[in-house]
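Chemist: Take a look at this one; I'll ask things after.
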Amino acid sequence: ETRLLKAQRREAAGADAAASATAQLREKDAAISKLEVDLEDAALTLRREKSEGASRAAELRRQLEALERAAAADSGAEEVATELRESRSALESLKAQLADLEAASTTHAKSLREKESRIAKLQRTNEELTHSAGLQRKVEQSMRDELARLR
(Lines give C-alpha, C1' and ligand atoms only; values in the text may rest on other atoms or scores of the structure.)
Protein backbone atom coordinates (compact mmCIF):
# COMPACT_ATOMS: atom_id res chain seq x y z
CA GLU A 1 0.00 0.00 0.00
CA THR A 2 2.86 2.42 0.84
CA ARG A 3 4.57 1.64 -2.46
CA LEU A 4 1.30 2.26 -4.25
CA LEU A 5 0.90 5.67 -2.57
CA LYS A 6 4.50 6.60 -3.38
CA ALA A 7 4.04 5.58 -7.00
CA GLN A 8 0.81 7.60 -7.20
CA ARG A 9 2.60 10.68 -5.78
CA ARG A 10 5.43 10.24 -8.28
CA GLU A 11 2.91 9.96 -11.09
CA ALA A 12 1.15 13.17 -9.96
CA ALA A 13 4.48 15.00 -9.67
CA GLY A 14 5.43 13.79 -13.14
CA ALA A 15 2.14 15.02 -14.58
CA ASP A 16 2.66 18.43 -12.93
CA ALA A 17 6.20 18.64 -14.36
CA ALA A 18 4.96 17.70 -17.84
CA ALA A 19 2.21 20.35 -17.69
CA SER A 20 4.74 22.94 -16.56
CA ALA A 21 7.15 22.00 -19.37
CA THR A 22 4.32 22.22 -21.92
CA ALA A 23 3.33 25.69 -20.64
CA GLN A 24 6.96 26.81 -20.85
CA LEU A 25 7.15 25.53 -24.43
CA ARG A 26 4.06 27.53 -25.39
CA GLU A 27 5.48 30.69 -23.78
CA LYS A 28 8.83 30.25 -25.55
CA ASP A 29 7.10 29.72 -28.90
CA ALA A 30 5.02 32.89 -28.41
CA ALA A 31 8.14 34.89 -27.46
CA ILE A 32 9.99 33.61 -30.54
CA SER A 33 7.11 34.54 -32.83
CA LYS A 34 6.87 38.06 -31.37
CA LEU A 35 10.63 38.62 -31.72
CA GLU A 36 10.56 37.47 -35.34
CA VAL A 37 7.74 39.92 -36.16
CA ASP A 38 9.56 42.76 -34.36
CA LEU A 39 12.76 42.00 -36.28
CA GLU A 40 10.99 42.05 -39.63
CA ASP A 41 9.23 45.35 -38.85
CA ALA A 42 12.44 47.03 -37.69
CA ALA A 43 14.39 45.84 -40.73
CA LEU A 44 11.73 47.14 -43.14
CA THR A 45 11.61 50.53 -41.41
CA LEU A 46 15.39 50.86 -41.46
CA ARG A 47 15.64 49.96 -45.16
CA ARG A 48 12.92 52.49 -46.05
CA GLU A 49 14.56 55.30 -44.06
CA LYS A 50 17.97 54.59 -45.53
CA SER A 51 16.55 54.59 -49.07
CA GLU A 52 14.76 57.91 -48.48
CA GLY A 53 17.95 59.50 -47.11
CA ALA A 54 19.97 58.37 -50.11
CA SER A 55 17.31 59.77 -52.50
CA ARG A 56 17.32 63.15 -50.73
CA ALA A 57 21.12 63.27 -50.82
CA ALA A 58 21.16 62.53 -54.58
CA GLU A 59 18.60 65.27 -55.26
CA LEU A 60 20.57 67.84 -53.24
CA ARG A 61 23.75 66.85 -55.05
CA ARG A 62 22.03 67.46 -58.40
CA GLN A 63 20.78 70.85 -57.19
CA LEU A 64 24.24 71.75 -55.91
CA GLU A 65 25.86 70.83 -59.22
CA ALA A 66 23.28 72.93 -61.11
CA LEU A 67 23.92 75.88 -58.80
CA GLU A 68 27.68 75.50 -59.15
CA ARG A 69 27.32 75.57 -62.94
CA ALA A 70 25.11 78.66 -62.70
CA ALA A 71 27.58 80.32 -60.32
CA ALA A 72 30.46 79.57 -62.68
CA ALA A 73 28.52 81.12 -65.56
CA ASP A 74 27.69 84.22 -63.57
CA SER A 75 30.27 84.61 -60.81
CA GLY A 76 28.95 88.04 -59.89
CA ALA A 77 25.42 86.95 -59.05
CA GLU A 78 24.92 87.20 -55.30
CA GLU A 79 21.65 85.31 -55.41
CA VAL A 80 23.27 82.27 -57.00
CA ALA A 81 26.06 82.38 -54.42
CA THR A 82 23.52 82.55 -51.60
CA GLU A 83 21.57 79.60 -53.00
CA LEU A 84 24.83 77.73 -53.42
CA ARG A 85 25.73 78.30 -49.76
CA GLU A 86 22.26 77.23 -48.69
CA SER A 87 22.45 74.12 -50.84
CA ARG A 88 25.86 73.26 -49.43
CA SER A 89 24.55 73.75 -45.93
CA ALA A 90 21.55 71.54 -46.70
CA LEU A 91 23.86 68.93 -48.23
CA GLU A 92 26.09 68.94 -45.16
CA SER A 93 23.03 68.60 -42.95
CA LEU A 94 21.84 65.69 -45.07
CA LYS A 95 25.28 64.07 -44.90
CA ALA A 96 25.12 64.34 -41.11
CA GLN A 97 21.64 62.78 -41.16
CA LEU A 98 22.88 60.01 -43.43
CA ALA A 99 25.82 59.36 -41.08
CA ASP A 100 23.36 59.20 -38.17
CA LEU A 101 21.19 56.81 -40.16
CA GLU A 102 24.18 54.61 -40.94
CA ALA A 103 25.13 54.61 -37.24
CA ALA A 104 21.55 53.68 -36.39
CA SER A 105 21.72 50.96 -39.05
CA THR A 106 24.86 49.54 -37.44
CA THR A 107 23.26 49.67 -34.00
CA HIS A 108 20.10 48.10 -35.36
CA ALA A 109 22.07 45.35 -37.10
CA LYS A 110 23.79 44.58 -33.81
CA SER A 111 20.40 44.52 -32.10
CA LEU A 112 19.09 42.17 -34.80
CA ARG A 113 22.06 39.84 -34.28
CA GLU A 114 21.42 39.85 -30.53
CA LYS A 115 17.73 39.10 -31.07
CA GLU A 116 18.60 36.32 -33.50
CA SER A 117 20.95 34.92 -30.88
CA ARG A 118 18.13 35.09 -28.31
CA ILE A 119 15.80 33.33 -30.72
CA ALA A 120 18.38 30.58 -31.28
CA LYS A 121 18.83 30.22 -27.52
CA LEU A 122 15.05 30.07 -27.01
CA GLN A 123 14.78 27.46 -29.74
CA ARG A 124 17.50 25.36 -28.09
CA THR A 125 15.66 25.71 -24.76
CA ASN A 126 12.46 24.76 -26.54
CA GLU A 127 14.13 21.64 -27.94
CA GLU A 128 15.52 20.77 -24.52
CA LEU A 129 12.09 21.21 -22.94
CA THR A 130 10.53 19.09 -25.67
CA HIS A 131 13.11 16.38 -25.02
CA SER A 132 12.54 16.71 -21.27
CA ALA A 133 8.79 16.44 -21.74
CA GLY A 134 9.33 13.27 -23.80
CA LEU A 135 11.49 11.79 -21.05
CA GLN A 136 8.86 12.85 -18.50
CA ARG A 137 6.18 11.02 -20.46
CA LYS A 138 8.36 7.89 -20.51
CA VAL A 139 8.86 8.16 -16.75
CA GLU A 140 5.12 8.63 -16.25
CA GLN A 141 4.40 5.57 -18.38
CA SER A 142 6.96 3.61 -16.38
CA MET A 143 5.27 4.75 -13.15
CA ARG A 144 1.84 3.76 -14.49
CA ASP A 145 3.23 0.36 -15.44
CA GLU A 146 4.74 0.02 -11.95
CA LEU A 147 1.41 1.04 -10.36
CA ALA A 148 -0.42 -1.47 -12.50
CA ARG A 149 2.09 -4.14 -11.56
CA LEU A 150 1.78 -3.25 -7.85
CA ARG A 151 -2.02 -3.39 -7.99
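In the C-alpha coordinates, chains take the letters A, B, ... in the order shown, each chain's residues start at 1, and ligands count up from 1 in the order shown.
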Find the spatial neighbours of A:Asp16, counting only C-alpha atoms, within a cut-off of 12 Å - ignore same-chain residues fewer than 4 positions away - and output them as a ChimeraX atom specification.
Modeler: /A:9-12,20-23,133,136-137,140
Chemist: Extract, using only C-alpha atoms, all DNA, RNA and protein residues at most 8 Å from A:Arg88, discarding same-chain residues fewer than 4 positions from it, and format them as a ChimeraX atom specification.
Modeler: /A:64,84,92
Chemist: Could you save those same residues with N, CA, C and O atoms as an mmCIF file, in the first residue's frame?
Modeler:
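Below is the file that was written, out-v3.cif:
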```cif
data_model
loop_
_atom_site.group_PDB
_atom_site.id
_atom_site.type_symbol
_atom_site.label_atom_id
_atom_site.label_comp_id
_atom_site.auth_asym_id
_atom_site.auth_seq_id
_atom_site.Cartn_x
_atom_site.Cartn_y
_atom_site.Cartn_z
ATOM 1 N N LEU A 64 22.962 71.093 -56.177
ATOM 2 C CA LEU A 64 24.238 71.749 -55.911
ATOM 3 C C LEU A 64 25.068 71.868 -57.190
ATOM 4 O O LEU A 64 25.631 72.930 -57.470
ATOM 5 N N LEU A 84 23.769 78.732 -53.468
ATOM 6 C CA LEU A 84 24.832 77.731 -53.418
ATOM 7 C C LEU A 84 25.231 77.443 -51.973
ATOM 8 O O LEU A 84 25.368 76.285 -51.574
ATOM 9 N N GLU A 92 25.325 69.333 -46.346
ATOM 10 C CA GLU A 92 26.094 68.944 -45.157
ATOM 11 C C GLU A 92 25.157 68.400 -44.072
ATOM 12 O O GLU A 92 25.469 67.419 -43.407
#
```
Chemist: With only C-alpha atoms as the counted atoms, please give the residues lying no more than 9 Å from A:Ala57, apart from itself and same-chain residues fewer than 3 positions off, as JSON, numbers by chain.
Modeler: {"A": [52, 53, 54, 60, 61, 62, 91, 94, 95, 98]}
Chemist: Find the residues near stretch 103-108 of chain A: any atom within 10 Å, counting only C-alpha atoms, skip ones fewer than 3 places away on the same chain, and give them as a list in words.
Modeler: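 These residues fall inside the cut-off: Leu39, Ala42, Ala43, Leu46, Arg47, Glu49, Lys50, Gln97, Leu98, Ala99, Asp100, Ser111, Leu112, Arg113 and Glu114 of chain A.
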Chemist: Based on the selection just made, write N, CA and C atoms of those residues as a JSON list (two decimals), in the first residue's frame.
Modeler:
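What landed in result.json:
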```json
[["chain", "number", "residue", "atom", "x", "y", "z"],
["A", 39, "LEU", "N", 11.56, 41.91, -35.45],
["A", 39, "LEU", "CA", 12.76, 42.00, -36.28],
["A", 39, "LEU", "C", 12.40, 42.38, -37.71],
["A", 42, "ALA", "N", 11.30, 46.12, -37.86],
["A", 42, "ALA", "CA", 12.44, 47.03, -37.69],
["A", 42, "ALA", "C", 13.32, 47.05, -38.93],
["A", 43, "ALA", "N", 13.55, 45.91, -39.53],
["A", 43, "ALA", "CA", 14.39, 45.84, -40.73],
["A", 43, "ALA", "C", 13.74, 46.59, -41.89],
["A", 46, "LEU", "N", 14.01, 50.40, -41.27],
["A", 46, "LEU", "CA", 15.39, 50.86, -41.46],
["A", 46, "LEU", "C", 15.73, 50.94, -42.95],
["A", 47, "ARG", "N", 15.35, 49.93, -43.72],
["A", 47, "ARG", "CA", 15.64, 49.96, -45.16],
["A", 47, "ARG", "C", 14.93, 51.13, -45.84],
["A", 49, "GLU", "N", 13.93, 54.04, -44.47],
["A", 49, "GLU", "CA", 14.56, 55.30, -44.06],
["A", 49, "GLU", "C", 15.91, 55.51, -44.75],
["A", 50, "LYS", "N", 16.67, 54.47, -44.88],
["A", 50, "LYS", "CA", 17.97, 54.59, -45.53],
["A", 50, "LYS", "C", 17.80, 54.94, -47.01],
["A", 97, "GLN", "N", 22.80, 63.66, -41.38],
["A", 97, "GLN", "CA", 21.64, 62.78, -41.16],
["A", 97, "GLN", "C", 21.92, 61.37, -41.68],
["A", 98, "LEU", "N", 22.55, 61.30, -42.85],
["A", 98, "LEU", "CA", 22.88, 60.01, -43.43],
["A", 98, "LEU", "C", 23.88, 59.27, -42.55],
["A", 99, "ALA", "N", 24.86, 59.99, -42.00],
["A", 99, "ALA", "CA", 25.82, 59.36, -41.08],
["A", 99, "ALA", "C", 25.09, 58.85, -39.84],
["A", 100, "ASP", "N", 24.15, 59.65, -39.33],
["A", 100, "ASP", "CA", 23.36, 59.20, -38.17],
["A", 100, "ASP", "C", 22.55, 57.96, -38.52],
["A", 111, "SER", "N", 21.59, 44.91, -32.84],
["A", 111, "SER", "CA", 20.40, 44.52, -32.10],
["A", 111, "SER", "C", 19.73, 43.30, -32.76],
["A", 112, "LEU", "N", 19.67, 43.31, -34.08],
["A", 112, "LEU", "CA", 19.09, 42.17, -34.80],
["A", 112, "LEU", "C", 19.88, 40.90, -34.53],
["A", 113, "ARG", "N", 21.21, 41.01, -34.56],
["A", 113, "ARG", "CA", 22.06, 39.84, -34.28],
["A", 113, "ARG", "C", 21.82, 39.33, -32.86],
["A", 114, "GLU", "N", 21.68, 40.26, -31.91],
["A", 114, "GLU", "CA", 21.42, 39.85, -30.53],
["A", 114, "GLU", "C", 20.06, 39.16, -30.42]]
```
Chemist: My list of candidates is A:Asn126, A:Ser51, A:Gln8, A:Ser142. Which is closest to A:Ala30 when distances are computed with only C-alpha atoms?
Modeler: A:Asn126
